[in-house]
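Data block for input.cif (mmCIF, C-alpha atoms):
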```
data_structure
loop_
_atom_site.label_atom_id
_atom_site.label_comp_id
_atom_site.auth_asym_id
_atom_site.auth_seq_id
_atom_site.Cartn_x
_atom_site.Cartn_y
_atom_site.Cartn_z
CA MET A 1 -6.80 -13.23 32.74
CA LYS A 2 -7.33 -12.05 29.18
CA LYS A 3 -4.67 -9.64 27.98
CA ARG A 4 -5.85 -6.13 27.06
CA ALA A 5 -4.34 -4.91 23.80
CA ASN A 6 -2.26 -1.75 23.69
CA ILE A 7 -2.77 0.15 20.41
CA LEU A 8 -0.84 3.11 18.99
CA LEU A 9 -2.72 5.53 16.75
CA LEU A 10 -0.37 7.29 14.32
CA TYR A 11 -1.68 10.35 12.48
CA THR A 12 0.15 11.39 9.32
CA GLY A 13 -2.49 13.73 7.94
CA GLY A 14 -5.68 13.50 5.92
CA THR A 15 -9.40 14.05 6.30
CA ILE A 16 -9.93 11.48 9.07
CA GLY A 17 -8.00 13.55 11.61
CA MET A 18 -9.66 16.84 10.72
CA VAL A 19 -12.30 18.22 13.08
CA LYS A 20 -14.73 20.87 11.90
CA ASP A 21 -15.00 24.16 13.79
CA TYR A 22 -18.70 24.80 13.43
CA GLU A 23 -18.42 28.54 14.13
CA SER A 24 -16.00 29.20 11.29
CA GLY A 25 -16.67 26.12 9.16
CA VAL A 26 -12.91 25.56 8.98
CA LEU A 27 -11.33 22.12 9.37
CA LYS A 28 -8.78 21.95 12.19
CA ALA A 29 -5.89 19.51 12.22
CA PHE A 30 -5.53 16.44 14.41
CA ASP A 31 -5.64 16.64 18.18
CA PHE A 32 -5.71 13.23 19.88
CA GLU A 33 -7.88 14.31 22.80
CA GLU A 34 -10.28 16.12 20.45
CA LEU A 35 -10.48 13.03 18.26
CA ILE A 36 -11.40 10.80 21.20
CA LYS A 37 -13.96 13.39 22.33
CA ASN A 38 -15.64 13.16 18.90
CA ILE A 39 -15.79 9.35 19.10
CA PRO A 40 -16.88 8.43 22.64
CA GLU A 41 -17.56 4.87 21.43
CA ILE A 42 -13.80 4.26 21.48
CA ALA A 43 -14.03 4.00 25.28
CA GLN A 44 -16.04 0.80 24.83
CA LEU A 45 -13.21 -0.95 22.97
CA ASP A 46 -11.27 -3.57 24.89
CA CYS A 47 -7.89 -1.89 24.47
CA ASP A 48 -5.68 0.91 25.71
CA LEU A 49 -5.10 3.62 23.14
CA GLU A 50 -2.32 6.17 22.71
CA GLY A 51 -1.78 8.68 19.95
CA VAL A 52 1.20 10.17 18.17
CA SER A 53 1.30 12.52 15.20
CA PHE A 54 3.66 13.79 12.55
CA GLU A 55 5.08 17.08 13.83
CA THR A 56 3.56 18.67 10.75
CA PRO A 57 0.70 16.55 9.35
CA ILE A 58 0.58 16.51 5.55
CA ASP A 59 -1.97 16.11 2.79
CA SER A 60 -1.47 12.64 1.34
CA SER A 61 -0.84 14.15 -2.10
CA ASN A 62 2.50 15.27 -0.65
CA MET A 63 3.34 11.78 0.60
CA GLY A 64 6.58 10.16 -0.57
CA PRO A 65 9.49 7.90 0.44
CA ALA A 66 10.89 10.30 3.05
CA TYR A 67 7.56 10.22 4.92
CA TRP A 68 7.36 6.43 4.60
CA VAL A 69 10.71 6.28 6.35
CA GLU A 70 9.30 8.55 9.09
CA ILE A 71 6.28 6.26 9.56
CA ALA A 72 8.55 3.20 9.66
CA ALA A 73 10.82 4.87 12.24
CA LEU A 74 7.84 5.64 14.52
CA LEU A 75 6.64 2.06 14.22
CA GLU A 76 10.12 0.71 14.97
CA LYS A 77 10.51 3.00 18.00
CA ASN A 78 7.19 1.85 19.47
CA TYR A 79 7.12 -1.75 18.20
CA ASP A 80 7.86 -3.52 21.49
CA ALA A 81 5.51 -1.34 23.56
CA PHE A 82 2.33 -1.93 21.55
CA ASP A 83 0.30 -4.88 20.29
CA GLY A 84 -0.95 -3.14 17.16
CA PHE A 85 -0.82 0.06 15.15
CA VAL A 86 -3.43 2.09 13.29
CA VAL A 87 -2.07 4.62 10.79
CA LEU A 88 -4.40 7.51 9.93
CA HIS A 89 -3.63 8.60 6.38
CA GLY A 90 -5.23 10.55 3.56
CA SER A 91 -6.95 8.26 1.08
CA ASP A 92 -5.41 9.58 -2.16
CA THR A 93 -2.03 7.87 -1.77
CA MET A 94 -2.91 5.40 0.97
CA SER A 95 -2.44 2.32 -1.21
CA TYR A 96 1.05 3.51 -2.18
CA SER A 97 2.08 4.19 1.43
CA ALA A 98 0.56 1.00 2.80
CA SER A 99 2.17 -1.07 0.03
CA ALA A 100 5.54 0.57 0.67
CA LEU A 101 5.36 -0.13 4.41
CA SER A 102 4.47 -3.77 3.74
CA PHE A 103 7.86 -4.19 2.07
CA MET A 104 9.80 -1.98 4.50
CA LEU A 105 8.61 -3.93 7.57
CA GLU A 106 10.17 -7.40 7.56
CA ASN A 107 9.09 -10.24 9.89
CA LEU A 108 6.09 -8.30 11.12
CA THR A 109 4.14 -10.14 13.83
CA LYS A 110 1.71 -7.34 14.70
CA PRO A 111 -1.00 -5.51 12.73
CA VAL A 112 -0.27 -2.22 11.01
CA ILE A 113 -3.62 -1.01 9.71
CA PHE A 114 -3.96 2.02 7.46
CA THR A 115 -7.30 3.78 7.42
CA GLY A 116 -8.82 7.13 6.60
CA SER A 117 -12.11 8.63 5.52
CA GLN A 118 -13.88 10.47 2.75
CA LEU A 119 -15.50 12.94 5.18
CA PRO A 120 -14.07 14.58 8.34
CA ILE A 121 -14.98 13.21 11.77
CA GLY A 122 -17.08 16.28 12.59
CA ASP A 123 -19.30 15.77 9.56
CA LEU A 124 -22.82 14.51 10.19
CA ARG A 125 -22.53 11.68 7.65
CA THR A 126 -18.87 10.90 8.21
CA ASP A 127 -17.39 7.49 7.47
CA ALA A 128 -14.46 8.28 9.77
CA LYS A 129 -15.99 6.88 12.96
CA GLU A 130 -16.71 3.39 11.61
CA ASN A 131 -13.37 3.16 9.81
CA LEU A 132 -11.42 4.20 12.89
CA ILE A 133 -13.37 2.19 15.47
CA THR A 134 -13.24 -1.04 13.47
CA SER A 135 -9.56 -0.57 12.56
CA ILE A 136 -8.72 -0.28 16.27
CA GLN A 137 -10.92 -3.26 17.09
CA ILE A 138 -9.22 -5.43 14.44
CA ALA A 139 -5.76 -4.28 15.54
CA SER A 140 -6.72 -5.36 19.08
CA LEU A 141 -7.56 -8.95 18.15
CA LEU A 142 -5.36 -11.28 20.19
CA GLU A 143 -5.30 -15.05 20.41
CA ASN A 144 -3.17 -16.77 23.05
CA GLY A 145 -1.40 -13.47 23.56
CA ASN A 146 -0.49 -13.13 19.87
CA SER A 147 -1.94 -10.78 17.26
CA VAL A 148 -4.43 -12.39 14.89
CA ILE A 149 -3.39 -10.02 12.08
CA GLN A 150 0.35 -9.99 11.43
CA GLU A 151 0.76 -7.87 8.32
CA VAL A 152 0.23 -4.40 6.87
CA CYS A 153 -3.42 -3.89 5.97
CA LEU A 154 -5.86 -1.25 4.78
CA TYR A 155 -9.34 -0.92 6.28
CA PHE A 156 -12.14 0.98 4.59
CA GLU A 157 -15.93 0.65 4.52
CA TYR A 158 -16.42 -2.65 6.35
CA LYS A 159 -13.49 -4.53 4.79
CA LEU A 160 -9.88 -5.18 5.79
CA TYR A 161 -7.58 -5.79 2.84
CA ARG A 162 -3.95 -6.83 2.47
CA ALA A 163 -2.34 -3.43 1.92
CA ASN A 164 -0.22 -4.35 -1.07
CA ARG A 165 -3.26 -5.72 -2.91
CA THR A 166 -5.29 -2.50 -2.78
CA THR A 167 -6.05 0.37 -5.11
CA LYS A 168 -8.27 3.43 -4.76
CA ILE A 169 -11.29 3.29 -7.06
CA SER A 170 -13.50 6.22 -6.05
CA ALA A 171 -13.00 9.85 -5.07
CA GLU A 172 -16.52 10.26 -3.71
CA HIS A 173 -18.00 6.93 -2.61
CA PHE A 174 -17.41 5.61 0.92
CA GLU A 175 -16.32 2.33 -0.67
CA ALA A 176 -13.17 4.02 -1.94
CA PHE A 177 -10.82 1.01 -2.13
CA THR A 178 -10.84 -2.45 -3.57
CA SER A 179 -8.54 -5.46 -3.72
CA PRO A 180 -9.04 -6.71 -7.28
CA ASN A 181 -7.02 -9.90 -7.07
CA TYR A 182 -7.23 -10.98 -3.44
CA PRO A 183 -10.23 -11.41 -1.10
CA PRO A 184 -10.79 -9.35 2.08
CA LEU A 185 -9.02 -10.59 5.21
CA VAL A 186 -11.77 -9.41 7.56
CA GLU A 187 -15.34 -8.28 6.93
CA SER A 188 -17.28 -6.17 9.40
CA GLY A 189 -20.99 -6.74 9.87
CA VAL A 190 -22.96 -7.61 12.96
CA HIS A 191 -19.82 -9.61 13.82
CA LEU A 192 -16.22 -9.38 12.67
CA THR A 193 -15.58 -12.26 10.28
CA VAL A 194 -11.90 -13.13 10.03
CA HIS A 195 -11.00 -15.15 6.93
CA ARG A 196 -8.06 -16.95 8.47
CA ASP A 197 -7.09 -18.88 5.34
CA TYR A 198 -6.31 -15.58 3.60
CA LEU A 199 -4.07 -14.12 6.32
CA PHE A 200 -0.38 -13.74 5.57
CA LYS A 201 1.79 -16.35 7.25
CA ASN A 202 5.54 -15.94 7.47
CA SER A 203 7.15 -19.29 6.70
CA GLU A 204 10.23 -18.40 8.76
CA VAL A 205 9.79 -15.52 11.18
CA GLY A 206 13.03 -13.85 12.23
CA ASN A 207 13.54 -10.67 14.20
CA PHE A 208 11.45 -7.65 13.23
CA LYS A 209 13.46 -5.44 10.89
CA VAL A 210 12.82 -2.06 9.27
CA HIS A 211 14.30 -1.25 5.85
CA SER A 212 14.66 2.50 5.44
CA ALA A 213 16.30 2.82 2.02
CA MET A 214 13.77 3.49 -0.75
CA SER A 215 15.00 4.58 -4.18
CA ASP A 216 13.10 7.06 -6.33
CA SER A 217 14.87 6.02 -9.55
CA VAL A 218 11.62 4.57 -10.86
CA GLY A 219 8.88 5.56 -13.27
CA ILE A 220 5.50 4.50 -14.60
CA LEU A 221 4.40 4.44 -18.25
CA LYS A 222 0.84 3.67 -19.23
CA LEU A 223 0.53 2.46 -22.81
CA PHE A 224 -2.13 4.07 -24.98
CA PRO A 225 -3.09 3.95 -28.66
CA GLY A 226 -1.11 6.67 -30.41
CA LEU A 227 1.99 6.45 -28.20
CA ASN A 228 4.80 7.78 -30.39
CA CYS A 229 8.49 7.01 -30.53
CA SER A 230 9.76 10.41 -29.38
CA PHE A 231 7.62 10.33 -26.22
CA LEU A 232 8.59 6.73 -25.43
CA SER A 233 12.25 7.51 -26.00
CA ALA A 234 12.06 10.56 -23.70
CA VAL A 235 10.58 8.43 -20.91
CA LEU A 236 13.04 5.58 -21.34
CA ASN A 237 15.99 7.98 -21.38
CA THR A 238 15.01 9.78 -18.19
CA PRO A 239 18.24 10.52 -16.26
CA ASP A 240 18.92 8.09 -13.38
CA LEU A 241 16.00 5.84 -14.32
CA LYS A 242 16.63 2.29 -13.08
CA VAL A 243 13.18 0.69 -13.16
CA LEU A 244 10.15 1.38 -15.35
CA VAL A 245 6.74 -0.04 -14.47
CA MET A 246 4.94 -0.36 -17.80
CA GLU A 247 1.15 -0.66 -17.69
CA THR A 248 0.28 -2.80 -20.69
CA TYR A 249 -3.02 -3.88 -22.21
CA GLY A 250 -5.03 -6.90 -21.06
CA ALA A 251 -2.89 -9.87 -20.07
CA GLY A 252 0.36 -7.98 -20.65
CA ASN A 253 0.04 -7.09 -24.32
CA ALA A 254 1.75 -4.25 -26.18
CA PRO A 255 2.22 -2.92 -29.75
CA MET A 256 4.36 -4.98 -32.10
CA ASP A 257 5.85 -2.02 -33.97
CA GLU A 258 9.54 -2.51 -34.67
CA TRP A 259 10.49 0.91 -33.26
CA PHE A 260 8.65 0.14 -30.02
CA LEU A 261 10.43 -3.16 -29.44
CA GLU A 262 13.79 -1.65 -30.41
CA GLU A 263 13.38 1.12 -27.84
CA LEU A 264 12.59 -1.44 -25.14
CA LYS A 265 15.56 -3.62 -26.10
CA ALA A 266 17.97 -0.66 -26.04
CA THR A 267 16.67 0.26 -22.59
CA LEU A 268 17.09 -3.28 -21.26
CA ASP A 269 20.61 -3.38 -22.74
CA ARG A 270 21.45 -0.30 -20.62
CA GLY A 271 20.58 -2.29 -17.51
CA ILE A 272 17.20 -0.67 -16.85
CA HIS A 273 14.51 -3.09 -15.67
CA ILE A 274 11.06 -2.94 -17.26
CA ILE A 275 8.20 -4.45 -15.26
CA ASN A 276 5.09 -5.56 -17.12
CA VAL A 277 1.82 -4.99 -15.21
CA THR A 278 -1.67 -4.87 -16.63
CA GLN A 279 -3.54 -1.58 -16.73
CA CYS A 280 -6.78 -3.50 -16.19
CA SER A 281 -8.38 -3.13 -12.77
CA GLY A 282 -8.15 -6.89 -12.21
CA GLY A 283 -6.46 -9.95 -13.65
CA SER A 284 -2.88 -10.88 -14.34
CA VAL A 285 -0.06 -10.55 -16.85
CA ALA A 286 0.51 -13.75 -18.83
CA MET A 287 3.33 -12.95 -21.25
CA GLY A 288 3.36 -15.31 -24.21
CA GLN A 289 -0.35 -16.10 -24.02
CA TYR A 290 -0.94 -13.81 -27.01
CA GLU A 291 1.32 -12.94 -29.93
CA THR A 292 1.33 -9.31 -28.78
CA SER A 293 3.12 -10.23 -25.55
CA GLU A 294 5.40 -12.98 -26.83
CA ALA A 295 8.01 -10.42 -27.92
CA LEU A 296 8.03 -8.89 -24.43
CA LEU A 297 8.64 -12.34 -22.96
CA LYS A 298 11.58 -12.90 -25.31
CA LEU A 299 13.02 -9.49 -24.47
CA GLY A 300 13.10 -10.50 -20.80
CA LEU A 301 10.70 -8.03 -19.22
CA VAL A 302 10.00 -8.59 -15.54
CA ASN A 303 6.63 -10.32 -15.08
CA GLY A 304 4.50 -8.24 -12.73
CA LYS A 305 1.88 -11.02 -12.63
CA ASN A 306 -1.20 -9.70 -10.78
CA LEU A 307 0.52 -6.87 -8.89
CA THR A 308 -1.25 -3.56 -8.53
CA THR A 309 0.66 -0.60 -9.94
CA GLU A 310 1.01 0.72 -6.37
CA ALA A 311 2.65 -2.51 -5.22
CA ALA A 312 4.84 -2.74 -8.32
CA ILE A 313 6.28 0.77 -7.96
CA THR A 314 6.90 0.49 -4.21
CA LYS A 315 8.38 -3.00 -4.50
CA ALA A 316 10.77 -1.67 -7.14
CA MET A 317 11.74 1.23 -4.84
CA PHE A 318 12.31 -1.26 -2.03
CA LEU A 319 14.49 -3.65 -4.05
CA LEU A 320 16.57 -0.79 -5.44
CA GLY A 321 16.97 0.46 -1.86
CA LEU A 322 18.31 -2.98 -0.92
CA SER A 323 20.87 -2.63 -3.74
CA VAL A 324 19.76 -5.94 -5.24
CA SER A 325 22.10 -6.88 -8.08
CA ASP A 326 20.88 -6.51 -11.67
CA SER A 327 21.20 -10.25 -12.16
CA ASP A 328 18.98 -10.99 -9.15
CA PHE A 329 16.42 -8.21 -9.56
CA LYS A 330 14.08 -10.04 -11.95
CA ARG A 331 14.08 -13.27 -9.95
CA ILE A 332 13.43 -11.53 -6.63
CA PHE A 333 10.80 -9.18 -8.05
CA GLU A 334 8.87 -12.12 -9.52
CA THR A 335 8.88 -13.79 -6.08
CA SER A 336 6.13 -12.94 -3.61
CA LEU A 337 7.71 -11.34 -0.52
CA ARG A 338 4.70 -10.14 1.49
CA GLY A 339 1.79 -11.84 -0.20
CA GLU A 340 1.60 -9.14 -2.86
CA MET A 341 1.26 -11.48 -5.85
CA HIS A 342 0.45 -15.00 -6.82
#
```
Can you turn what I pasted into structure tokens?
Amino acid sequence: MKKRANILLLYTGGTIGMVKDYESGVLKAFDFEELIKNIPEIAQLDCDLEGVSFETPIDSSNMGPAYWVEIAALLEKNYDAFDGFVVLHGSDTMSYSASALSFMLENLTKPVIFTGSQLPIGDLRTDAKENLITSIQIASLLENGNSVIQEVCLYFEYKLYRANRTTKISAEHFEAFTSPNYPPLVESGVHLTVHRDYLFKNSEVGNFKVHSAMSDSVGILKLFPGLNCSFLSAVLNTPDLKVLVMETYGAGNAPMDEWFLEELKATLDRGIHIINVTQCSGGSVAMGQYETSEALLKLGLVNGKNLTTEAAITKAMFLLGLSVSDSDFKRIFETSLRGEMH
């Protein structure tokens, strides 16, 4: 007899869980029974569904490491009882949260799918129903009793992406997310098409483990023409800064001004790691390919390769939380842990 999947729906906040009160026009917060009432199609899915919510749901603009730990704790508490998890989350910081959870959850053998919507469920033209229904359906996919998807993902507008490869690209289109450097894992059309060759495969799966320590001693600096020394120095001398993600031009290029390189060198000499990621929407850092990045290579900047900024910042938080030694940080960061880079 075919096993029926058991799925946990976790609501953290955001538009997808809001239901419109048509008398007042006000959006009301998540209520699991009300949500199911608004999407009767869920009853047709071949799974059993339960819901749990943050005690106080939040707008995703308020999301941060403490809430990631709360999500991870709920997943850990319910891990053995469910076959898959769908996390309802506001879209603004979804790529950050989903990327963070991909690092925090080690040896995952079940799907954790983040989804949300641009319009509330009660809206006539809402995208919430499709996003939620298909996320649950994908999380329910089993083969020989095992989950087909065994990683943290993000589903939006007919496509399932690896979470730590995503970035938000639109505040108003339904196609709000993209994965610039990695193809979709699943595409939803008349049928669900699973691209099995792209799925994450753990080479050595141990016991499921949750890492709860995430450091906030990190920062992001986007280079721009006209960046001056006093501003750069202020950023690099931020108290307690341990890692800076620097968004450079093109394939990892930066100014060649002497003062600029001296500021970077002094920062590296203080034991602060600087990660080079491109500010382009797609592509990869290739330090040394151009003269304007050769100096960064010689200085010993960490190569962010084709990481998104969201993955770079959360991976840095994760490694600092693990108390990785300064001597090992660069080597481990440049190694793909959860399929986040290549």
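From CA of Asp92 in chain A back to CA of Phe174 in chain A, the distance works out to 13.0 Å.
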Report the residues retrieved by the PyMOL selection byres ((chain A and resi 306-316) around 7) from the displayed file, expressed as a PyMOL selection string. chain A and resi 95-96+99-100+103+164-165+181+243+245+277+283-285+304-305+317-320+340-342
So that I have them on file, write out the residues from the current selection with C-alpha atoms, as a CSV table (one decimal), in the coordinates of the input.
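The resulting file, result.csv, is reproduced below:
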```csv
chain,number,residue,atom,x,y,z
A,95,SER,CA,-2.4,2.3,-1.2
A,96,TYR,CA,1.0,3.5,-2.2
A,99,SER,CA,2.2,-1.1,0.0
A,100,ALA,CA,5.5,0.6,0.7
A,103,PHE,CA,7.9,-4.2,2.1
A,164,ASN,CA,-0.2,-4.4,-1.1
A,165,ARG,CA,-3.3,-5.7,-2.9
A,181,ASN,CA,-7.0,-9.9,-7.1
A,243,VAL,CA,13.2,0.7,-13.2
A,245,VAL,CA,6.7,0.0,-14.5
A,277,VAL,CA,1.8,-5.0,-15.2
A,283,GLY,CA,-6.5,-10.0,-13.6
A,284,SER,CA,-2.9,-10.9,-14.3
A,285,VAL,CA,-0.1,-10.6,-16.8
A,304,GLY,CA,4.5,-8.2,-12.7
A,305,LYS,CA,1.9,-11.0,-12.6
A,317,MET,CA,11.7,1.2,-4.8
A,318,PHE,CA,12.3,-1.3,-2.0
A,319,LEU,CA,14.5,-3.6,-4.0
A,320,LEU,CA,16.6,-0.8,-5.4
A,340,GLU,CA,1.6,-9.1,-2.9
A,341,MET,CA,1.3,-11.5,-5.8
A,342,HIS,CA,0.4,-15.0,-6.8
```
Would you pick out the contacts of Asn38 in chain A at 12 Å or less, using all atoms listed in the file, so that residues sharing its chain but fewer than 4 positions from it are not included, and give the list as a PyMOL selection string? chain A and resi 16-20+30-34+42-43+120-124+126+128-129+132-133
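Of note, CA of Phe114 in chain A and CA of Val87 in chain A are spaced 4.6 Å apart.
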Selection result of the PyMOL selection byres ((chain A and resi 168) around 12) on this file, as a ChimeraX atom specification: /A:90-96,98,116,118,154-156,161,163-167,169-180,281,308-310
Spell out the residues picked by the PyMOL selection byres ((chain A and resi 248) around 12) here, as a PyMOL selection string. chain A and resi 220-225+244-247+249-255+274-281+284-287+292-293+296+301+303-305+309
Point-to-point distance from CA of Gly13 in chain A to CA of Asp59 in chain A, Å rounded to tenths: 5.7 Å
Residue with the minimum atom-to-atom distance to Leu74 in chain A, picked from A:Val86, A:Leu10, A:Leu101, A:Asn107 with all atoms listed in the file counted, is A:Leu10
